[in-house]
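Student: Data file structure02.cif (mmCIF, C-alpha atoms) is appended below.
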data_run
loop_
_atom_site.label_atom_id
_atom_site.label_comp_id
_atom_site.auth_asym_id
_atom_site.auth_seq_id
_atom_site.Cartn_x
_atom_site.Cartn_y
_atom_site.Cartn_z
CA ASP A 1 123.31 97.04 98.58
CA LEU A 2 123.43 94.41 101.29
CA GLN A 3 125.96 92.59 99.07
CA THR A 4 127.13 90.20 101.75
CA ASP A 5 128.72 86.79 101.42
CA GLY A 6 127.31 85.61 104.74
CA ILE A 7 124.49 86.47 107.09
CA GLY A 8 125.73 87.18 110.58
CA ARG A 9 125.60 89.61 113.48
CA TYR A 10 126.46 92.62 111.32
CA GLU A 11 123.56 92.03 108.90
CA TYR A 12 121.08 91.40 111.72
CA ALA A 13 122.29 94.53 113.53
CA ALA A 14 121.80 96.58 110.35
CA VAL A 15 118.22 95.33 110.03
CA ASP A 16 117.63 95.98 113.74
CA ARG A 17 118.85 99.59 113.31
CA LEU A 18 116.59 100.05 110.30
CA MET A 19 113.56 98.65 112.07
CA ALA A 20 114.24 100.86 115.12
CA GLU A 21 113.62 103.85 112.84
CA GLU A 22 110.04 102.59 112.26
CA PRO A 23 110.11 103.19 108.48
CA ASP A 24 106.86 103.82 106.62
CA LEU A 25 108.21 102.11 103.49
CA ILE A 26 111.29 100.01 102.70
CA LEU A 27 112.80 99.95 99.21
CA LEU A 28 115.67 97.57 98.46
CA PRO A 29 117.39 98.16 95.09
CA GLY A 30 119.26 94.89 94.62
CA ASP A 31 122.59 93.14 95.25
CA TYR A 32 121.68 90.98 98.21
CA PHE A 33 124.10 88.03 98.33
CA GLN A 34 127.59 88.16 96.81
CA SER A 35 128.36 84.51 96.10
CA ASP A 36 127.20 81.81 93.74
CA GLY A 37 125.91 78.27 93.65
CA PRO A 38 126.38 76.24 96.82
CA ASP A 39 127.24 79.32 98.94
CA PHE A 40 123.96 80.99 97.99
CA GLU A 41 121.99 77.81 98.57
CA ALA A 42 123.60 77.32 102.00
CA ALA A 43 122.91 80.94 103.02
CA LEU A 44 119.37 81.09 101.62
CA PRO A 45 117.56 80.14 104.87
CA GLU A 46 119.43 82.84 106.82
CA LEU A 47 118.96 85.37 104.02
CA ARG A 48 115.22 84.69 103.98
CA ALA A 49 115.11 84.95 107.79
CA LEU A 50 116.90 88.30 107.61
CA LEU A 51 114.65 89.69 104.87
CA GLY A 52 111.63 88.30 106.70
CA ARG A 53 112.37 90.64 109.62
CA LEU A 54 111.74 93.69 107.44
CA GLU A 55 108.32 95.24 107.74
CA ALA A 56 106.75 98.62 107.18
CA PRO A 57 103.15 99.85 106.96
CA GLY A 58 103.65 100.74 103.28
CA GLY A 59 105.42 97.46 102.54
CA VAL A 60 108.86 96.16 101.62
CA TYR A 61 109.76 96.18 97.93
CA LEU A 62 112.77 94.60 96.22
CA THR A 63 114.34 94.88 92.80
CA GLU A 64 117.03 92.79 91.17
CA GLY A 65 120.69 93.84 91.29
CA ASP A 66 123.83 92.80 89.43
CA VAL A 67 124.58 89.80 91.65
CA ASP A 68 120.94 88.68 91.63
CA SER A 69 118.98 86.78 89.00
CA PRO A 70 115.28 86.23 88.52
CA GLU A 71 115.72 82.74 89.97
CA ARG A 72 117.49 84.09 93.04
CA MET A 73 114.87 86.79 93.51
CA ALA A 74 112.16 84.14 93.46
CA PHE A 75 114.02 81.95 95.98
CA MET A 76 114.57 84.94 98.29
CA SER A 77 111.04 86.33 98.21
CA ASP A 78 108.75 83.35 97.52
CA GLY A 79 106.38 82.79 100.41
CA LEU A 80 107.51 85.83 102.40
CA GLU A 81 104.30 87.83 102.57
CA ASN A 82 106.07 90.97 103.78
CA LEU A 83 108.22 91.20 100.61
CA THR A 84 107.14 92.23 97.13
CA TRP A 85 109.55 91.73 94.25
CA LEU A 86 108.95 94.39 91.60
CA ASP A 87 110.06 93.02 88.24
CA ASP A 88 109.30 95.61 85.57
CA GLU A 89 105.97 96.59 87.08
CA VAL A 90 104.11 99.44 88.75
CA VAL A 91 102.12 99.07 91.96
CA THR A 92 100.02 101.62 93.82
CA ILE A 93 100.14 101.69 97.61
CA GLU A 94 99.21 104.03 100.42
CA VAL A 95 101.91 105.31 102.77
CA ALA A 96 100.96 107.52 105.73
CA GLY A 97 97.79 108.66 103.97
CA GLN A 98 99.56 109.43 100.66
CA ARG A 99 99.02 107.40 97.49
CA VAL A 100 102.36 106.29 96.07
CA HIS A 101 103.05 104.67 92.70
CA LEU A 102 106.15 102.46 92.78
CA GLY A 103 107.79 101.32 89.59
CA GLY A 104 110.39 98.61 90.04
CA ILE A 105 112.62 97.57 87.18
CA SER A 106 115.17 94.84 86.65
CA VAL A 107 118.87 95.50 86.44
CA ARG A 108 118.49 95.56 82.63
CA PHE A 109 117.08 99.09 82.61
CA ARG A 110 117.53 99.45 78.82
CA ASP A 111 115.24 96.50 78.07
CA PRO A 112 111.88 97.37 76.48
CA SER A 113 109.97 95.97 79.47
CA ALA A 114 111.91 98.20 81.89
CA GLN A 115 111.36 101.24 79.67
CA ALA A 116 107.66 100.38 79.42
CA THR A 117 107.51 100.36 83.23
CA ILE A 118 109.29 103.72 83.41
CA ASP A 119 106.90 105.17 80.82
CA GLU A 120 103.83 103.77 82.62
CA LEU A 121 105.00 105.35 85.87
CA ALA A 122 105.74 108.68 84.16
CA ARG A 123 102.25 108.78 82.57
CA ILE A 124 100.60 108.79 85.99
CA ASP A 125 99.92 112.48 86.42
CA ASN A 126 97.39 112.83 89.21
CA GLY A 127 99.44 114.56 91.90
CA ASP A 128 100.41 111.32 93.65
CA LEU A 129 104.01 110.52 94.47
CA ARG A 130 105.86 108.43 91.84
CA ILE A 131 109.01 106.51 92.81
CA LEU A 132 111.22 104.45 90.52
CA VAL A 133 113.20 101.65 92.25
CA THR A 134 116.16 100.37 90.28
CA HIS A 135 119.58 98.93 90.94
CA ARG A 136 121.36 100.97 88.30
CA PRO A 137 121.24 104.76 88.88
CA ASP A 138 121.70 105.34 85.12
CA ALA A 139 118.04 104.37 84.74
CA ALA A 140 117.25 107.92 85.90
CA PHE A 141 118.45 109.17 82.50
CA HIS A 142 115.68 107.11 80.87
CA VAL A 143 112.89 108.80 82.85
CA PRO A 144 111.05 111.52 80.92
CA GLU A 145 111.50 114.96 82.48
CA GLY A 146 109.07 115.36 85.36
CA GLY A 147 108.16 111.66 85.12
CA VAL A 148 108.93 110.72 88.74
CA GLU A 149 109.58 112.55 91.97
CA LEU A 150 112.28 110.15 93.22
CA VAL A 151 114.61 107.46 91.90
CA VAL A 152 115.91 105.02 94.51
CA ALA A 153 118.99 103.20 93.22
CA GLY A 154 121.72 100.95 94.55
CA HIS A 155 124.99 100.05 92.84
CA THR A 156 127.10 103.04 93.92
CA HIS A 157 128.50 101.57 97.18
CA GLY A 158 128.50 104.84 99.10
CA GLY A 159 129.13 107.08 96.12
CA GLN A 160 125.71 108.73 95.97
CA VAL A 161 126.92 111.56 98.20
CA ALA A 162 130.24 113.06 97.14
CA ILE A 163 132.01 115.96 98.78
CA PRO A 164 133.72 118.17 96.15
CA PHE A 165 137.49 117.49 95.92
CA ILE A 166 137.18 114.76 98.58
CA GLY A 167 134.77 112.21 97.17
CA PRO A 168 132.30 109.90 98.87
CA PRO A 169 132.47 109.85 102.69
CA ILE A 170 132.01 106.05 102.77
#
Give the structure from the file, written as structure tokens.

Tutor:
Amino acid sequence: DLQTDGIGRYEYAAVDRLMAEEPDLILLPGDYFQSDGPDFEAALPELRALLGRLEAPGGVYLTEGDVDSPERMAFMSDGLENLTWLDDEVVTIEVAGQRVHLGGISVRFRDPSAQATIDELARIDNGDLRILVTHRPDAAFHVPEGGVELVVAGHTHGGQVAIPFIGPPI
């Protein structure tokens, strides 16, 4: 979750660090800008400039988060050829010589269209890699057993890795 209320040096430095790793594929599971109305509109050019810096041979894929809306997603991604907004759909790409099926669902993972996307992804059974991109990690419980190899989720704010009796390190 980028989940910022302003685009500044910190956000650009984070993108610079990511790009220095030369990723094969970038998956962004939602919650981009944490403010409404005029604040979002004022920050939109900088947000688009920041997202426009992301690139990877396999592509850059976004899904909607809690603070996002379909309208916001369209404003953020429209016209940026390096970004693909996955809204309850499956795409097939090639990453480092491996075919990958990406299913991206909206934040409303219980909706029939999201479940249809999950089911479509799970039915692909040809040995290729299948990845579900979602904001809400609970969507993993709606994937049939063996239906995907990886779920990439946001929403947990550092809580995806928890040390027993200590909790998340971030």

Student: CA of Asp119 in chain A to CA of Gly154 in chain A: how many Å, to one decimal?

Tutor: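 Straight-line distance from CA of Asp119 in chain A to CA of Gly154 in chain A works out to 20.6 Å.
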
Student: Could you tell me how far CA of Ala56 in chain A lies from CA of Asp24 in chain A, in Å and to one decimal?

Tutor: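 So the answer is 5.2 Å.
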
Student: Evaluate the PyMOL selection byres ((chain A and resi 72) around 12) on the structure here and hand back the selected residues as a ChimeraX atom specification.

Tutor: /A:30-37,40-41,43-44,47-48,62-71,73-78,85

Student: Give me the result of the PyMOL selection byres ((chain A and resi 147) around 9) on this file, residue by residue, as a ChimeraX atom specification.

Tutor: /A:118-119,121-125,130,143-146,148-149

Student: The PyMOL selection byres ((chain A and resi 132) around 9) - which residues does that actually catch in the file I just gave you? List them as a PyMOL selection string.

Tutor: chain A and resi 90+101-105+118+121+130-131+133-134+139-140+143+148-153

Student: Between CA of Tyr10 in chain A and CA of Leu86 in chain A, what is the spacing in Å?

Tutor: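 Rounded to one decimal, the two atoms are 26.4 Å apart.
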
Student: Please provide the set of residues having any atom within 10 Å of Arg99 in chain A, restricted to all atoms listed in the file, with same-chain residues fewer than 2 positions apart removed, written as a ChimeraX atom specification.

Tutor: /A:58,92-97,101-102,127-130

Student: Given the selection you just returned, output its residues as a file containing C-alpha atoms, formatted as a short mmCIF file (atom, residue, chain, number, x, y, z; two decimals), in the frame of the given file.

Tutor:
data_model
loop_
_atom_site.label_atom_id
_atom_site.label_comp_id
_atom_site.auth_asym_id
_atom_site.auth_seq_id
_atom_site.Cartn_x
_atom_site.Cartn_y
_atom_site.Cartn_z
CA GLY A 58 103.65 100.74 103.28
CA THR A 92 100.02 101.62 93.82
CA ILE A 93 100.14 101.69 97.61
CA GLU A 94 99.21 104.03 100.42
CA VAL A 95 101.91 105.31 102.77
CA ALA A 96 100.96 107.52 105.73
CA GLY A 97 97.79 108.66 103.97
CA HIS A 101 103.05 104.67 92.70
CA LEU A 102 106.15 102.46 92.78
CA GLY A 127 99.44 114.56 91.90
CA ASP A 128 100.41 111.32 93.65
CA LEU A 129 104.01 110.52 94.47
CA ARG A 130 105.86 108.43 91.84
#

Student: Give the answer as one residue: which of A:Glu55, A:Asp16, A:Asp5, A:Asp138 has the shortest atom-to-atom distance to Glu81 in chain A, using only C-alpha atoms?

Tutor: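 Between A:Glu55, A:Asp16, A:Asp5, A:Asp138, the residue approaching Glu81 in chain A most closely is A:Glu55.
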